[in-house]
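Visitor: I'd like to ask some things about the structure below.
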Amino acid sequence: QVQLVESGGGLVQAGGSLRLSCAASGIIFSINSRYQGWYRQAPGNQRELVATITSGGSTNYADSVKGRFTISRDNAKNTVYLQMNSLKPEDTAVYYCNAQKFGINYWGKGTLVTVSS
């Protein structure tokens with residue numbers, strides 16, 4: 001059974017930083033998961049892509065976070081991270097970890113990030 005558990009969310013002032021973590025069980029990110037990603041959903045909005053990383057380490061970012069956010073993976077810990085710098089109030093959302101295994105998408109329960117102005 002695949003489980004993804006996010007952590008690291010919280011309240012931060014605009015301009016601050018947070019690092020989100022996504023720890024996994026039942027899946028090995030670097031071996032049997034084609035890609036992993038972070039998505040976010042703000043109140044009243046649809047869930048949107050933030051960043052992805054492939055099993056080979058290639059990354060992709062939403063235009064709104066390019067240059068501020070960095071996705072990375074620690075294969076030894078089987079954990080994916082999202083380093084978020086220069087946070088803005090519009091980054092406020094629930095952030096979800098996503099991973100694909102054998103064509104099935106798995107989601108964590110999310111972690112709330114609130115950026116105050």
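A note on labels: chains of the structure tokens are A, B, ... as shown, every chain counts residues from 1, and ligands are counted from 1 in their shown order.
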Using DSSP assignments from the backbone, pull out every residue in chain A that falls under helix (DSSP H, G or I) and give it to me as a PyMOL selection string.
Guide: chain A and resi 29-32+89-91
Visitor: Can you write out the residues you just picked, keeping N, CA, C and O atoms, as a CSV table (one decimal), in the first residue's frame?
Guide:
```
chain,number,residue,atom,x,y,z
A,29,PHE,N,10.8,6.0,-4.8
A,29,PHE,CA,10.7,7.1,-5.7
A,29,PHE,C,11.7,6.9,-6.9
A,29,PHE,O,11.4,7.2,-8.0
A,30,SER,N,12.9,6.5,-6.6
A,30,SER,CA,13.9,6.5,-7.6
A,30,SER,C,13.9,5.2,-8.5
A,30,SER,O,14.6,5.2,-9.5
A,31,ILE,N,13.0,4.3,-8.2
A,31,ILE,CA,13.0,3.0,-8.9
A,31,ILE,C,11.7,2.7,-9.6
A,31,ILE,O,11.6,2.5,-10.8
A,32,ASN,N,10.6,2.7,-8.8
A,32,ASN,CA,9.3,2.3,-9.4
A,32,ASN,C,8.3,3.4,-9.5
A,32,ASN,O,7.1,3.2,-9.5
A,89,PRO,N,2.0,36.0,-0.2
A,89,PRO,CA,0.7,35.7,0.3
A,89,PRO,C,-0.1,34.8,-0.7
A,89,PRO,O,-0.9,33.9,-0.3
A,90,GLU,N,0.1,34.9,-2.0
A,90,GLU,CA,-0.6,34.1,-3.0
A,90,GLU,C,-0.1,32.7,-3.0
A,90,GLU,O,-0.7,31.8,-3.7
A,91,ASP,N,1.0,32.4,-2.3
A,91,ASP,CA,1.4,31.0,-2.2
A,91,ASP,C,0.6,30.2,-1.1
A,91,ASP,O,0.8,29.0,-0.9
```
Visitor: Near Thr59 of chain A, within 12 Å and counting only C-alpha atoms, which residues show up once chain neighbours fewer than 3 positions away are dropped, as a list in words?
Guide: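 Listing them by chain and then by number gives Tyr35, Gln36, Gly37, Trp38, Val50, Ala51, Thr52, Ile53, Thr54, Ser55, Gly56, Ala62, Lys66, Phe69, Thr70, Ile71, Ser72, Arg73, Val80 and Leu82 of chain A.
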Visitor: Give me the residues within 9 Å of Val5 of chain A as a ChimeraX atom specification, counting only C-alpha atoms and dropping any in the same chain fewer than 6 places off.
Guide: /A:21-25,97,107-111
Visitor: Could you pull out the strand (DSSP E or B) residues of segment 7-107 of chain A, going by DSSP on the backbone, and write them as JSON, numbers by chain?
Guide: {"A": [7, 10, 11, 12, 13, 18, 19, 20, 21, 22, 23, 24, 25, 35, 36, 37, 38, 39, 40, 41, 48, 49, 50, 51, 52, 53, 54, 59, 60, 61, 69, 70, 71, 72, 73, 74, 79, 80, 81, 82, 83, 84, 93, 94, 95, 96, 97, 98, 99, 100, 101, 104, 105, 106, 107]}
Visitor: Excluding same-chain residues fewer than 6 positions from Arg19 of chain A, what lies within 6 Å of it counting only C-alpha atoms, as number ranges by chain?
Guide: A: 8, 82-84
Visitor: Can I get the selection written as a compact mmCIF listing (two decimals), in the first residue's frame, with N, CA, C and O atoms?
Guide:
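Result file part.txt:
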```txt
# COMPACT_ATOMS: atom_id res chain seq x y z
N GLY A 8 5.95 19.93 7.24
CA GLY A 8 6.73 21.14 7.05
C GLY A 8 5.93 22.39 6.80
O GLY A 8 6.49 23.48 6.71
N LEU A 82 10.30 20.18 -1.05
CA LEU A 82 10.01 21.41 -1.77
C LEU A 82 10.53 22.57 -0.93
O LEU A 82 9.95 22.87 0.12
N GLN A 83 11.63 23.14 -1.36
CA GLN A 83 12.18 24.32 -0.70
C GLN A 83 11.49 25.54 -1.28
O GLN A 83 11.56 25.77 -2.49
N MET A 84 10.86 26.32 -0.42
CA MET A 84 10.10 27.48 -0.87
C MET A 84 10.72 28.73 -0.27
O MET A 84 10.74 28.88 0.96
```
Visitor: What is the atom CA of Gln46 of chain A-atom CA of Ile27 of chain A distance in Å, reported with one decimal?
Guide: 26.6 Å
Visitor: What is the atom CA of Arg68 of chain A to atom CA of Pro43 of chain A distance in Å?
Guide: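 That distance, rounded to one decimal, is 21.9 Å.
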Visitor: Would you kindly return, as a list in words, each protein, DNA or RNA residue with an atom no farther than 9 Å from any atom of Val115 of chain A, considering only C-alpha atoms and excluding same-chain residues fewer than 4 positions away?
Guide: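 Final neighbour list, sorted by chain and number: Gly10, Leu11, Val12, Gln13, Ala14, Gly15, Gly16, Leu87, Lys88, Pro89, Glu90, Asp91, Thr92 and Ala93 of chain A.
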